[in-house]
>>> print(open('upload_37.tsv').read())   # TSV, C-alpha atoms and all ligand atoms
chain	number	residue	atom	x	y	z
M	1131	MET	CA	143.02	111.07	69.85
M	1132	SER	CA	141.09	108.58	71.90
M	1133	ALA	CA	137.43	109.08	72.64
M	1134	PRO	CA	136.71	110.59	76.03
M	1135	ALA	CA	136.26	107.88	78.57
M	1136	LEU	CA	132.85	107.49	80.11
M	1137	HIS	CA	133.15	107.58	83.85
M	1138	THR	CA	130.62	106.27	86.30
M	1139	ALA	CA	131.04	108.39	89.38
M	1140	PRO	CA	131.33	106.47	92.64
M	1141	GLY	CA	127.81	106.12	94.11
M	1142	ALA	CA	126.13	106.92	90.78
M	1143	GLU	CA	124.50	103.51	90.67
M	1144	ALA	CA	122.95	104.04	94.06
M	1145	ALA	CA	121.64	107.43	92.97
M	1146	ASN	CA	119.86	106.00	89.92
M	1147	LEU	CA	116.16	106.28	90.67
M	1148	TYR	CA	115.32	103.16	88.73
M	1149	VAL	CA	117.78	100.72	90.29
M	1150	PRO	CA	115.82	98.37	92.55
M	1151	LYS	CA	117.05	97.04	95.85
M	1152	LEU	CA	117.18	93.26	96.21
M	1153	VAL	CA	114.58	91.74	98.51
M	1154	ARG	CA	114.16	88.09	99.47
M	1155	ILE	CA	110.76	86.43	99.66
M	1156	ARG	CA	110.73	85.31	103.27
M	1157	LYS	CA	107.20	83.90	103.25
M	1158	ILE	CA	104.35	83.43	100.80
M	1159	ILE	CA	100.79	83.42	102.11
M	1160	ARG	CA	98.19	82.12	99.68
M	1161	GLU	CA	95.17	84.34	100.32
M	1162	THR	CA	92.92	83.00	97.53
M	1163	HIS	CA	93.35	81.00	94.31
M	1164	ASP	CA	94.75	84.12	92.54
M	1165	VAL	CA	95.94	86.39	95.38
M	1166	ASN	CA	99.20	86.00	97.30
M	1167	THR	CA	100.82	87.94	100.10
M	1168	LEU	CA	104.62	88.20	99.99
M	1169	GLN	CA	106.61	88.86	103.14
M	1170	LEU	CA	109.84	90.50	102.02
M	1171	GLU	CA	113.21	91.27	103.60
M	1172	PHE	CA	116.14	93.22	102.18
M	1173	VAL	CA	119.13	91.13	101.14
M	1174	ASP	CA	121.52	93.91	102.24
M	1175	PRO	CA	121.33	94.43	106.02
M	1176	ALA	CA	122.23	98.14	105.49
M	1177	HIS	CA	119.12	98.59	103.33
M	1178	ALA	CA	117.03	96.76	105.92
M	1179	ALA	CA	118.32	99.04	108.66
M	1180	SER	CA	117.62	102.26	106.79
M	1181	PHE	CA	114.24	101.31	105.26
M	1182	THR	CA	111.18	103.14	106.53
M	1183	TYR	CA	107.79	103.79	104.99
M	1184	LYS	CA	104.51	105.41	105.90
M	1185	THR	CA	101.05	103.87	106.00
M	1186	GLY	CA	99.51	103.93	102.52
M	1187	GLN	CA	102.69	104.22	100.47
M	1188	PHE	CA	103.43	101.96	97.52
M	1189	GLY	CA	106.41	100.48	95.70
M	1190	GLU	CA	107.54	99.04	92.38
M	1191	PHE	CA	108.13	95.29	92.63
M	1192	SER	CA	110.20	93.70	89.86
M	1193	ILE	CA	111.20	90.38	88.45
M	1194	PHE	CA	114.44	90.63	86.51
M	1195	GLY	CA	113.89	90.12	82.80
M	1196	VAL	CA	110.11	90.36	83.18
M	1197	GLY	CA	109.17	93.81	84.44
M	1198	GLU	CA	107.81	95.88	87.31
M	1199	ALA	CA	104.38	96.10	88.92
M	1200	THR	CA	103.00	98.64	91.38
M	1201	PHE	CA	101.63	97.40	94.71
M	1202	ASN	CA	100.74	99.06	97.96
M	1203	ILE	CA	102.81	98.13	100.97
M	1204	SER	CA	100.13	96.27	102.86
M	1205	SER	CA	101.88	95.83	106.21
M	1206	SER	CA	102.10	98.22	109.16
M	1207	PRO	CA	105.28	100.34	109.25
M	1208	ASN	CA	105.63	99.26	112.89
M	1209	TRP	CA	106.26	95.62	111.99
M	1210	GLU	CA	109.96	94.87	112.17
M	1211	GLY	CA	112.23	92.82	109.92
M	1212	PHE	CA	109.94	92.55	106.91
M	1213	PHE	CA	107.28	94.30	104.87
M	1214	GLU	CA	104.42	92.89	102.84
M	1215	CYS	CA	102.62	93.29	99.56
M	1216	CYS	CA	99.56	91.45	98.36
M	1217	PHE	CA	98.83	91.03	94.67
M	1218	ARG	CA	96.29	89.49	92.35
M	1219	LYS	CA	97.47	87.57	89.29
M	1220	VAL	CA	96.22	89.64	86.33
M	1221	GLY	CA	99.04	89.95	83.80
M	1222	VAL	CA	102.70	89.51	82.93
M	1223	VAL	CA	104.51	90.49	86.13
M	1224	THR	CA	101.90	89.22	88.58
M	1225	THR	CA	101.76	85.84	86.81
M	1226	ALA	CA	105.55	85.54	87.05
M	1227	LEU	CA	105.46	86.66	90.70
M	1228	ALA	CA	102.84	84.04	91.50
M	1229	LYS	CA	105.35	81.37	90.41
M	1230	MET	CA	108.09	82.57	92.76
M	1231	LYS	CA	109.07	80.52	95.79
M	1232	GLU	CA	110.12	81.36	99.32
M	1233	GLY	CA	113.81	82.31	99.28
M	1234	ASP	CA	113.67	83.75	95.74
M	1235	ILE	CA	115.01	87.26	95.13
M	1236	ILE	CA	113.02	90.06	93.51
M	1237	GLY	CA	113.56	93.83	93.09
M	1238	PHE	CA	111.92	96.66	95.01
M	1239	ARG	CA	111.89	100.43	94.47
M	1240	GLY	CA	110.24	102.73	96.94
M	1241	PRO	CA	108.51	103.69	99.09
M	1242	TYR	CA	106.63	106.20	96.95
M	1243	GLY	CA	103.59	108.43	97.24
M	1244	ASN	CA	101.74	110.12	100.05
M	1245	SER	CA	100.32	108.46	103.15
M	1246	TYR	CA	97.32	108.47	105.47
M	1247	ASP	CA	97.10	111.29	108.01
M	1248	LEU	CA	96.86	109.16	111.17
M	1249	GLU	CA	96.90	112.12	113.55
M	1250	GLY	CA	94.08	113.82	111.64
M	1251	MET	CA	92.02	110.66	112.20
M	1252	HIS	CA	92.28	110.76	116.00
M	1253	GLY	CA	88.84	110.85	117.67
M	1254	LYS	CA	87.03	110.12	114.39
M	1255	ASP	CA	84.63	107.27	113.67
M	1256	LEU	CA	86.21	105.25	110.89
M	1257	ILE	CA	84.41	103.42	108.12
M	1258	PHE	CA	86.45	101.14	105.83
M	1259	ALA	CA	84.82	99.89	102.62
M	1260	ALA	CA	86.84	97.70	100.28
M	1261	GLY	CA	86.21	95.24	97.51
M	1262	GLY	CA	88.41	92.31	96.49
M	1263	ILE	CA	92.06	93.22	95.95
M	1264	GLY	CA	91.15	96.79	97.06
M	1265	PHE	CA	91.59	95.62	100.64
M	1266	PRO	CA	95.45	95.55	100.86
M	1267	PRO	CA	95.84	99.35	100.50
M	1268	ILE	CA	93.41	99.74	103.42
M	1269	ARG	CA	94.60	96.79	105.47
M	1270	CYS	CA	97.85	98.57	106.42
M	1271	LEU	CA	95.73	101.42	107.82
M	1272	VAL	CA	93.39	99.08	109.72
M	1273	HIS	CA	96.45	97.57	111.43
M	1274	ARG	CA	97.83	101.01	112.30
M	1275	VAL	CA	94.48	102.02	113.80
M	1276	LEU	CA	94.26	98.81	115.83
M	1277	GLU	CA	97.78	99.38	117.17
M	1278	GLU	CA	96.46	102.58	118.80
M	1279	ARG	CA	92.82	101.59	119.07
M	1280	ASP	CA	91.93	103.97	121.95
M	1281	LYS	CA	92.79	107.04	119.84
M	1282	PHE	CA	89.85	106.47	117.47
M	1283	GLY	CA	86.06	106.30	117.74
M	1284	ALA	CA	83.96	103.54	116.19
M	1285	VAL	CA	85.66	101.25	113.64
M	1286	VAL	CA	83.45	99.63	111.00
M	1287	ILE	CA	84.92	97.49	108.21
M	1288	VAL	CA	82.90	96.35	105.20
M	1289	HIS	CA	84.87	93.98	103.02
M	1290	GLY	CA	83.35	92.34	99.98
M	1291	ALA	CA	84.29	90.02	97.15
M	1292	ARG	CA	82.60	88.21	94.31
M	1293	THR	CA	82.52	84.90	96.19
M	1294	HIS	CA	83.64	83.74	99.63
M	1295	ARG	CA	86.71	82.20	97.96
M	1296	ASP	CA	87.82	85.65	96.76
M	1297	LEU	CA	87.89	87.25	100.22
M	1298	VAL	CA	91.50	88.07	101.14
M	1299	TYR	CA	92.92	88.08	104.69
M	1300	GLN	CA	90.34	85.55	105.94
M	1301	ARG	CA	92.31	84.77	109.11
M	1302	GLU	CA	92.59	88.42	110.08
M	1303	MET	CA	88.95	88.99	109.36
M	1304	ASP	CA	87.96	86.09	111.61
M	1305	GLU	CA	90.10	87.62	114.34
M	1306	TRP	CA	88.56	91.08	113.83
M	1307	THR	CA	85.06	89.55	113.85
M	1308	ARG	CA	85.74	88.21	117.36
M	1309	ARG	CA	86.81	91.64	118.68
M	1310	ARG	CA	84.19	93.70	120.47
M	1311	ASP	CA	85.78	97.04	119.53
M	1312	ILE	CA	85.44	96.51	115.74
M	1313	HIS	CA	82.38	95.99	113.58
M	1314	MET	CA	83.59	93.58	110.91
M	1315	ILE	CA	81.14	92.95	108.08
M	1316	LYS	CA	82.13	90.60	105.28
M	1317	THR	CA	79.93	90.25	102.25
M	1318	VAL	CA	79.84	88.41	98.95
M	1319	ASP	CA	78.01	89.27	95.75
M	1320	PRO	CA	74.63	87.59	95.31
M	1321	GLY	CA	75.27	83.96	94.31
M	1322	GLY	CA	78.79	83.97	95.79
M	1323	ASP	CA	77.75	82.54	99.17
M	1324	PRO	CA	78.25	78.88	100.05
M	1325	GLU	CA	76.12	76.86	102.45
M	1326	ASN	CA	76.62	77.94	106.07
M	1327	TRP	CA	77.97	81.35	105.00
M	1328	ASP	CA	77.95	83.53	108.12
M	1329	GLY	CA	78.43	86.90	106.38
M	1330	GLU	CA	76.21	89.17	104.33
M	1331	VAL	CA	75.09	88.69	100.74
M	1332	GLY	CA	75.06	91.92	98.72
M	1333	PHE	CA	77.30	94.43	97.01
M	1334	VAL	CA	79.59	96.52	99.26
M	1335	PRO	CA	77.74	99.86	98.76
M	1336	THR	CA	74.35	98.26	99.49
M	1337	VAL	CA	75.53	96.47	102.61
M	1338	LEU	CA	77.34	99.61	103.76
M	1339	GLU	CA	74.19	101.71	103.49
M	1340	GLU	CA	72.00	99.08	105.14
M	1341	ARG	CA	74.25	98.29	108.10
M	1342	VAL	CA	76.56	101.19	108.93
M	1343	PRO	CA	74.05	103.97	109.82
M	1344	TRP	CA	72.37	101.56	112.23
M	1345	ILE	CA	75.72	100.65	113.85
M	1346	LEU	CA	76.77	104.28	114.24
M	1347	GLU	CA	73.34	105.24	115.66
M	1348	ARG	CA	73.49	102.40	118.18
M	1349	GLU	CA	76.85	103.77	119.38
M	1350	GLY	CA	75.44	107.29	119.58
M	1351	LYS	CA	77.60	108.49	116.65
M	1352	GLY	CA	76.67	110.84	113.84
M	1353	ALA	CA	77.89	111.13	110.26
M	1354	SER	CA	79.59	114.49	110.92
M	1355	ASN	CA	82.40	112.83	112.93
M	1356	ALA	CA	82.98	110.02	110.42
M	1357	LEU	CA	85.85	109.47	108.01
M	1358	ALA	CA	85.52	106.80	105.34
M	1359	PHE	CA	88.28	104.96	103.47
M	1360	THR	CA	87.57	103.10	100.28
M	1361	CYS	CA	89.46	101.16	97.64
M	1362	GLY	CA	88.26	98.71	95.03
M	1363	PRO	CA	86.96	98.55	91.48
M	1364	PRO	CA	86.00	102.05	90.20
M	1365	VAL	CA	82.33	101.07	89.90
M	1366	MET	CA	82.31	99.99	93.54
M	1367	THR	CA	83.99	103.15	94.84
M	1368	LYS	CA	81.56	105.29	92.81
M	1369	PHE	CA	78.56	103.65	94.50
M	1370	VAL	CA	80.28	103.65	97.91
M	1371	ILE	CA	80.80	107.42	97.68
M	1372	ALA	CA	77.16	107.89	96.67
M	1373	ALA	CA	75.94	105.66	99.54
M	1374	LEU	CA	78.13	107.54	102.02
M	1375	GLY	CA	76.73	110.82	100.69
M	1376	ARG	CA	73.18	109.65	101.42
M	1377	MET	CA	74.35	108.76	104.94
M	1378	GLY	CA	75.62	112.32	105.41
M	1379	VAL	CA	79.33	111.49	104.91
M	1380	GLY	CA	80.42	114.04	102.30
M	1381	PRO	CA	83.19	113.71	99.66
M	1382	ASP	CA	85.63	115.66	101.83
M	1383	GLN	CA	85.20	112.96	104.52
M	1384	VAL	CA	85.91	110.13	102.09
M	1385	VAL	CA	89.49	109.06	101.43
M	1386	MET	CA	90.29	106.87	98.46
M	1387	THR	CA	93.34	105.21	96.87
M	1388	LEU	CA	93.70	105.68	93.12
M	1389	GLU	CA	95.33	102.87	91.18
M	1390	ASN	CA	96.11	104.61	87.89
M	1391	LYS	CA	98.54	102.68	85.78
M	1392	MET	CA	102.11	103.72	86.61
M	1393	LYS	CA	105.54	103.18	85.12
M	1394	CYS	CA	108.26	105.30	86.71
M	1395	ALA	CA	106.44	106.11	90.01
M	1396	VAL	CA	108.68	109.18	90.41
M	1397	GLY	CA	106.95	111.86	88.32
M	1398	LYS	CA	109.00	111.43	85.13
M	1399	CYS	CA	107.03	109.37	82.58
M	1400	GLY	CA	103.61	111.08	82.64
M	1401	ARG	CA	101.79	107.75	82.67
M	1402	CYS	CA	99.75	108.31	85.81
M	1403	ASN	CA	98.62	111.90	85.61
M	1404	ILE	CA	95.04	113.15	85.70
M	1405	GLY	CA	95.16	116.70	84.33
M	1406	ASN	CA	97.99	118.36	86.26
M	1407	THR	CA	97.94	115.85	89.08
M	1408	TYR	CA	100.64	113.21	89.15
M	1409	VAL	CA	99.08	110.36	91.08
M	1410	CYS	CA	102.50	108.82	91.84
M	1411	LEU	CA	103.76	112.04	93.45
M	1412	GLU	CA	100.67	113.69	94.96
M	1413	GLY	CA	98.72	110.47	95.57
M	1414	PRO	CA	97.75	107.72	95.47
M	1415	ILE	CA	95.61	108.84	98.43
M	1416	PHE	CA	93.08	111.60	97.77
M	1417	THR	CA	89.75	112.68	99.20
M	1418	ALA	CA	86.74	111.97	97.02
M	1419	ALA	CA	86.26	115.76	96.83
M	1420	GLN	CA	89.75	116.11	95.30
M	1421	VAL	CA	89.10	113.32	92.81
M	1422	GLN	CA	85.74	114.82	91.81
M	1423	ALA	CA	87.53	118.12	91.06
M	1424	MET	CA	89.96	116.38	88.66
M	1425	PRO	CA	89.23	116.39	84.91
M	1426	ALA	CA	87.22	113.35	83.80
M	1427	ASP	CA	89.41	112.54	80.76
M	1428	GLN	CA	92.88	111.21	81.61
M	1501	LIG	C1	99.32	102.95	93.47
M	1501	LIG	C2	98.91	101.57	93.04
M	1501	LIG	C3	98.77	100.57	93.98
M	1501	LIG	C4	98.42	99.29	93.59
M	1501	LIG	N1	98.33	98.33	94.57
M	1501	LIG	C5	98.05	97.07	94.19
M	1501	LIG	C6	98.05	96.05	95.19
M	1501	LIG	O1	98.30	96.28	96.37
M	1501	LIG	N2	97.77	94.79	94.78
M	1501	LIG	C7	97.47	94.49	93.44
M	1501	LIG	O2	97.23	93.32	93.11
M	1501	LIG	N3	97.47	95.45	92.50
M	1501	LIG	C8	97.76	96.72	92.84
M	1501	LIG	N4	97.79	97.68	91.87
M	1501	LIG	C9	97.50	97.30	90.46
M	1501	LIG	C10	98.74	96.64	89.90
M	1501	LIG	O3	99.77	97.60	89.76
M	1501	LIG	C11	98.49	96.00	88.53
M	1501	LIG	O4	97.49	95.02	88.65
M	1501	LIG	C12	99.80	95.35	88.08
M	1501	LIG	O5	100.72	96.34	87.70
M	1501	LIG	C13	99.58	94.42	86.97
M	1501	LIG	O6	100.86	94.04	86.50
M	1501	LIG	P1	100.98	92.88	85.43
M	1501	LIG	O7	102.28	93.04	84.73
M	1501	LIG	O8	100.73	91.56	86.08
M	1501	LIG	O9	99.77	93.17	84.46
M	1501	LIG	P2	99.84	93.70	82.95
M	1501	LIG	O10	100.33	92.58	82.11
M	1501	LIG	O11	100.56	95.00	82.88
M	1501	LIG	O12	98.31	94.02	82.71
M	1501	LIG	C14	97.30	93.02	82.87
M	1501	LIG	C15	95.94	93.69	82.78
M	1501	LIG	O13	95.72	94.54	83.92
M	1501	LIG	C16	95.50	95.87	83.48
M	1501	LIG	N5	96.12	96.76	84.46
M	1501	LIG	C17	97.42	96.81	84.83
M	1501	LIG	N6	97.61	97.75	85.76
M	1501	LIG	C18	96.40	98.31	85.99
M	1501	LIG	C19	95.92	99.35	86.83
M	1501	LIG	N7	96.73	100.02	87.65
M	1501	LIG	N8	94.61	99.65	86.80
M	1501	LIG	C20	93.77	99.01	85.98
M	1501	LIG	N9	94.16	98.02	85.15
M	1501	LIG	C21	95.44	97.68	85.16
M	1501	LIG	C22	96.10	95.95	82.13
M	1501	LIG	O14	95.52	96.97	81.37
M	1501	LIG	C23	95.79	94.56	81.58
M	1501	LIG	O15	94.47	94.45	81.13
M	1501	LIG	C24	98.16	98.98	92.23
M	1501	LIG	C25	98.32	99.99	91.26
M	1501	LIG	C26	98.70	101.26	91.66
M	1501	LIG	C27	98.90	102.31	90.63
M	1502	LIG	S1	104.16	106.96	87.02
M	1502	LIG	FE1	105.53	108.12	85.81
M	1502	LIG	S2	104.84	110.13	86.20
M	1502	LIG	FE2	103.66	108.96	87.57
>>> encode(input="upload_37.tsv", output="structure tokens")
Amino acid sequence: MSAPALHTAPGAEAANLYVPKLVRIRKIIRETHDVNTLQLEFVDPAHAASFTYKTGQFGEFSIFGVGEATFNISSSPNWEGFFECCFRKVGVVTTALAKMKEGDIIGFRGPYGNSYDLEGMHGKDLIFAAGGIGFPPIRCLVHRVLEERDKFGAVVIVHGARTHRDLVYQREMDEWTRRRDIHMIKTVDPGGDPENWDGEVGFVPTVLEERVPWILEREGKGASNALAFTCGPPVMTKFVIAALGRMGVGPDQVVMTLENKMKCAVGKCGRCNIGNTYVCLEGPIFTAAQVQAMPADQ
């Protein structure tokens, strides 16, 4: 008797959660010496037509034979024909990705995770505080806010990096600096400023606390109507939350993106969880109050 044949049901491949879709690198933008933005488009027009995502969601980006890495989708969902990610070269996959060229094909799974509550932000004064490669997860939200600028109150952005060479999205930041309806503050760590540097010198939490209360007061705004969004190295976000607290912006008014190491991104592998919370399913966006209520050991 012959062994029972193994059948692959029609469509089974498409239903496999781990099979990536093919995307072509349409454009590479070199942000800094170790950070690149990739503009991506689906190879299959049917995938392109059906693809949607929400502001703040992430994906798994893969190089065949190398592996997968998790990045936020850093573009606005309203941009048509392509989506973007921005990554820093830190390890195996990101080093391989940094060698890719325009026209090359990579894999993409997603979108995954929760998203920012844009409607809940209407009428609020918005403070964005990001450090280094922590800016891409917030950049998509800044663009969404600017697309409907009149629906929000004050907009203050504090973006910092170790040196001026490590600041990502320099062109956009120059553009935002010229706008009268945004307060754009760029800062570098002490010692990271070149001659003729026109930004601040100081760590993000310090600059935030020195500048933002004064800006809000000048516009007749109080801390009670503010919402803050932060992403960056854990030590930075810890001090940002403390600084915001001293300004009267409590942990339930602070929204942060967690970047816990992930593998499956679909709630199966248990790599990302903090206590009972699966960051890939329930996050990566949480209020600081939610994060503070999570167990400290992971
Ligand atoms: C939801 C989410 C969104 C993210 N968004 C971005 C983004 O937009 N841009 C970006 O550049 N990165 C982002 N990251 C981090 C990114 O996933 C890792 O830097 C990436 O997976 C590294 O892959 P690699 O193979 O190059 O590094 P590996 O070879 O796997 O590791 C290199 C080094 O980085 C460390 N590392 C890897 N992942 C993490 C992590 N998540 N947290 C802390 N240390 C880590 C490793 O421990 C090791 O020391 C995000 C992570 C998550 C979970
Ligand atoms: S990444 Fe596998 S469970 Fe979250």
>>> atom_distance(input="upload_37.tsv", atom1="atom CA of M:Pro1414", atom2="atom CA of M:Cys1394")
13.9 Å
>>> residues_around(input="upload_37.tsv", residues="stretch 1162-1168 of chain M", least_positions_apart="5", cutoff="7 Å", atoms="all atoms listed in the file", output="JSON, numbers by chain")
{"M": [1155, 1157, 1214, 1215, 1216, 1217, 1218, 1219, 1295, 1296, 1298]}
>>> residues_near_ligand(input="upload_37.tsv", ligand="ligand LIG 1501 (chain M)", cutoff="9 Å", atoms="all atoms listed in the file", output="NGL selection string")
:M and (1165-1166 or 1187-1191 or 1196-1204 or 1215-1227 or 1242-1243 or 1263-1267 or 1363 or 1387-1393 or 1395 or 1402 or 1409-1410 or 1413-1415)
>>> closest_residue(input="upload_37.tsv", among="M:Trp1344, M:Met1424, M:Glu1249, M:Ala1145", to="M:Glu1278", atoms="all atoms listed in the file")
M:Glu1249
>>> residues_around(input="upload_37.tsv", residues="M:Cys1361", least_positions_apart="5", cutoff="12 Å", atoms="all atoms listed in the file", output="PyMOL selection string")
chain M and resi 1186+1202+1257-1269+1271+1288-1290+1334-1335+1366-1371+1384-1389+1414-1418
>>> write_last_selection(input="upload_37.tsv", atoms="C-alpha atoms", output="compact mmCIF listing (two decimals), in the frame of the given file")
# COMPACT_ATOMS: atom_id res chain seq x y z
CA GLY M 1186 99.51 103.93 102.52
CA ASN M 1202 100.74 99.06 97.96
CA ILE M 1257 84.41 103.42 108.12
CA PHE M 1258 86.45 101.14 105.83
CA ALA M 1259 84.82 99.89 102.62
CA ALA M 1260 86.84 97.70 100.28
CA GLY M 1261 86.21 95.24 97.51
CA GLY M 1262 88.41 92.31 96.49
CA ILE M 1263 92.06 93.22 95.95
CA GLY M 1264 91.15 96.79 97.06
CA PHE M 1265 91.59 95.62 100.64
CA PRO M 1266 95.45 95.55 100.86
CA PRO M 1267 95.84 99.35 100.50
CA ILE M 1268 93.41 99.74 103.42
CA ARG M 1269 94.60 96.79 105.47
CA LEU M 1271 95.73 101.42 107.82
CA VAL M 1288 82.90 96.35 105.20
CA HIS M 1289 84.87 93.98 103.02
CA GLY M 1290 83.35 92.34 99.98
CA VAL M 1334 79.59 96.52 99.26
CA PRO M 1335 77.74 99.86 98.76
CA MET M 1366 82.31 99.99 93.54
CA THR M 1367 83.99 103.15 94.84
CA LYS M 1368 81.56 105.29 92.81
CA PHE M 1369 78.56 103.65 94.50
CA VAL M 1370 80.28 103.65 97.91
CA ILE M 1371 80.80 107.42 97.68
CA VAL M 1384 85.91 110.13 102.09
CA VAL M 1385 89.49 109.06 101.43
CA MET M 1386 90.29 106.87 98.46
CA THR M 1387 93.34 105.21 96.87
CA LEU M 1388 93.70 105.68 93.12
CA GLU M 1389 95.33 102.87 91.18
CA PRO M 1414 97.75 107.72 95.47
CA ILE M 1415 95.61 108.84 98.43
CA PHE M 1416 93.08 111.60 97.77
CA THR M 1417 89.75 112.68 99.20
CA ALA M 1418 86.74 111.97 97.02
>>> axis_aligned_box(input="upload_37.tsv", around="stretch 1207-1221 of chain M", padding_each_side="4 Å", output="lines of an AutoDock Vina configuration file")
center_x = 104.2
center_y = 94.0
center_z = 98.3
size_x = 24.0
size_y = 20.8
size_z = 37.1
>>> closest_residue(input="upload_37.tsv", among="M:Pro1343, M:Pro1425, M:Gly1397, M:Gly1362", to="ligand LIG 1502 (chain M)", atoms="only C-alpha atoms and all ligand atoms")
M:Gly1397
>>> residues_around(input="upload_37.tsv", residues="M:Trp1209", least_positions_apart="2", cutoff="12 Å", atoms="all atoms listed in the file", output="list in words")
Gln1169, Leu1170, Glu1171, Phe1181, Thr1182, Tyr1183, Lys1184, Thr1185, Ile1203, Ser1204, Ser1205, Ser1206, Pro1207, Gly1211, Phe1212, Phe1213, Glu1214, Cys1270, His1273, Arg1274 and Glu1277 of chain M
>>> write_last_selection(input="upload_37.tsv", atoms="C-alpha atoms", output="PDB file, keeping the file's coordinate frame")
ATOM      1  CA  GLN M1169     106.610  88.860 103.140  1.00  0.00           C
ATOM      2  CA  LEU M1170     109.840  90.500 102.020  1.00  0.00           C
ATOM      3  CA  GLU M1171     113.210  91.270 103.600  1.00  0.00           C
ATOM      4  CA  PHE M1181     114.240 101.310 105.260  1.00  0.00           C
ATOM      5  CA  THR M1182     111.180 103.140 106.530  1.00  0.00           C
ATOM      6  CA  TYR M1183     107.790 103.790 104.990  1.00  0.00           C
ATOM      7  CA  LYS M1184     104.510 105.410 105.900  1.00  0.00           C
ATOM      8  CA  THR M1185     101.050 103.870 106.000  1.00  0.00           C
ATOM      9  CA  ILE M1203     102.810  98.130 100.970  1.00  0.00           C
ATOM     10  CA  SER M1204     100.130  96.270 102.860  1.00  0.00           C
ATOM     11  CA  SER M1205     101.880  95.830 106.210  1.00  0.00           C
ATOM     12  CA  SER M1206     102.100  98.220 109.160  1.00  0.00           C
ATOM     13  CA  PRO M1207     105.280 100.340 109.250  1.00  0.00           C
ATOM     14  CA  GLY M1211     112.230  92.820 109.920  1.00  0.00           C
ATOM     15  CA  PHE M1212     109.940  92.550 106.910  1.00  0.00           C
ATOM     16  CA  PHE M1213     107.280  94.300 104.870  1.00  0.00           C
ATOM     17  CA  GLU M1214     104.420  92.890 102.840  1.00  0.00           C
ATOM     18  CA  CYS M1270      97.850  98.570 106.420  1.00  0.00           C
ATOM     19  CA  HIS M1273      96.450  97.570 111.430  1.00  0.00           C
ATOM     20  CA  ARG M1274      97.830 101.010 112.300  1.00  0.00           C
ATOM     21  CA  GLU M1277      97.780  99.380 117.170  1.00  0.00           C
TER      22      GLU M1277
END
>>> closest_residue(input="upload_37.tsv", among="M:Leu1346, M:Thr1360, M:Val1286, M:Gly1400", to="M:Leu1256", atoms="all atoms listed in the file")
M:Val1286
>>> decode(input="upload_37.tsv", residues="stretch 1333-1342 of chain M", atoms="N, CA, C and O atoms", output="short mmCIF file (atom, residue, chain, number, x, y, z; two decimals), in the first residue's frame")
data_model
loop_
_atom_site.label_atom_id
_atom_site.label_comp_id
_atom_site.auth_asym_id
_atom_site.auth_seq_id
_atom_site.Cartn_x
_atom_site.Cartn_y
_atom_site.Cartn_z
N PHE M 1333 20.48 66.78 25.63
CA PHE M 1333 19.73 65.54 25.46
C PHE M 1333 18.23 65.85 25.29
O PHE M 1333 17.74 66.86 25.81
N VAL M 1334 17.53 64.97 24.58
CA VAL M 1334 16.12 65.21 24.24
C VAL M 1334 15.27 65.57 25.48
O VAL M 1334 14.54 66.57 25.45
N PRO M 1335 15.36 64.82 26.58
CA PRO M 1335 14.49 65.15 27.73
C PRO M 1335 14.78 66.55 28.30
O PRO M 1335 13.85 67.26 28.68
N THR M 1336 16.06 66.92 28.31
CA THR M 1336 16.43 68.23 28.86
C THR M 1336 15.90 69.35 27.98
O THR M 1336 15.29 70.31 28.46
N VAL M 1337 16.12 69.20 26.68
CA VAL M 1337 15.66 70.24 25.74
C VAL M 1337 14.14 70.33 25.77
O VAL M 1337 13.56 71.42 25.76
N LEU M 1338 13.50 69.18 25.85
CA LEU M 1338 12.03 69.13 25.92
C LEU M 1338 11.53 69.95 27.11
O LEU M 1338 10.64 70.80 26.98
N GLU M 1339 12.13 69.71 28.26
CA GLU M 1339 11.65 70.37 29.48
C GLU M 1339 11.98 71.86 29.48
O GLU M 1339 11.24 72.67 30.04
N GLU M 1340 13.09 72.22 28.84
CA GLU M 1340 13.47 73.64 28.80
C GLU M 1340 12.59 74.43 27.83
O GLU M 1340 12.22 75.55 28.09
N ARG M 1341 12.28 73.82 26.68
CA ARG M 1341 11.65 74.60 25.60
C ARG M 1341 10.14 74.46 25.52
O ARG M 1341 9.44 75.42 25.22
N VAL M 1342 9.62 73.24 25.74
CA VAL M 1342 8.21 73.00 25.40
C VAL M 1342 7.21 73.74 26.32
O VAL M 1342 6.25 74.33 25.81
#
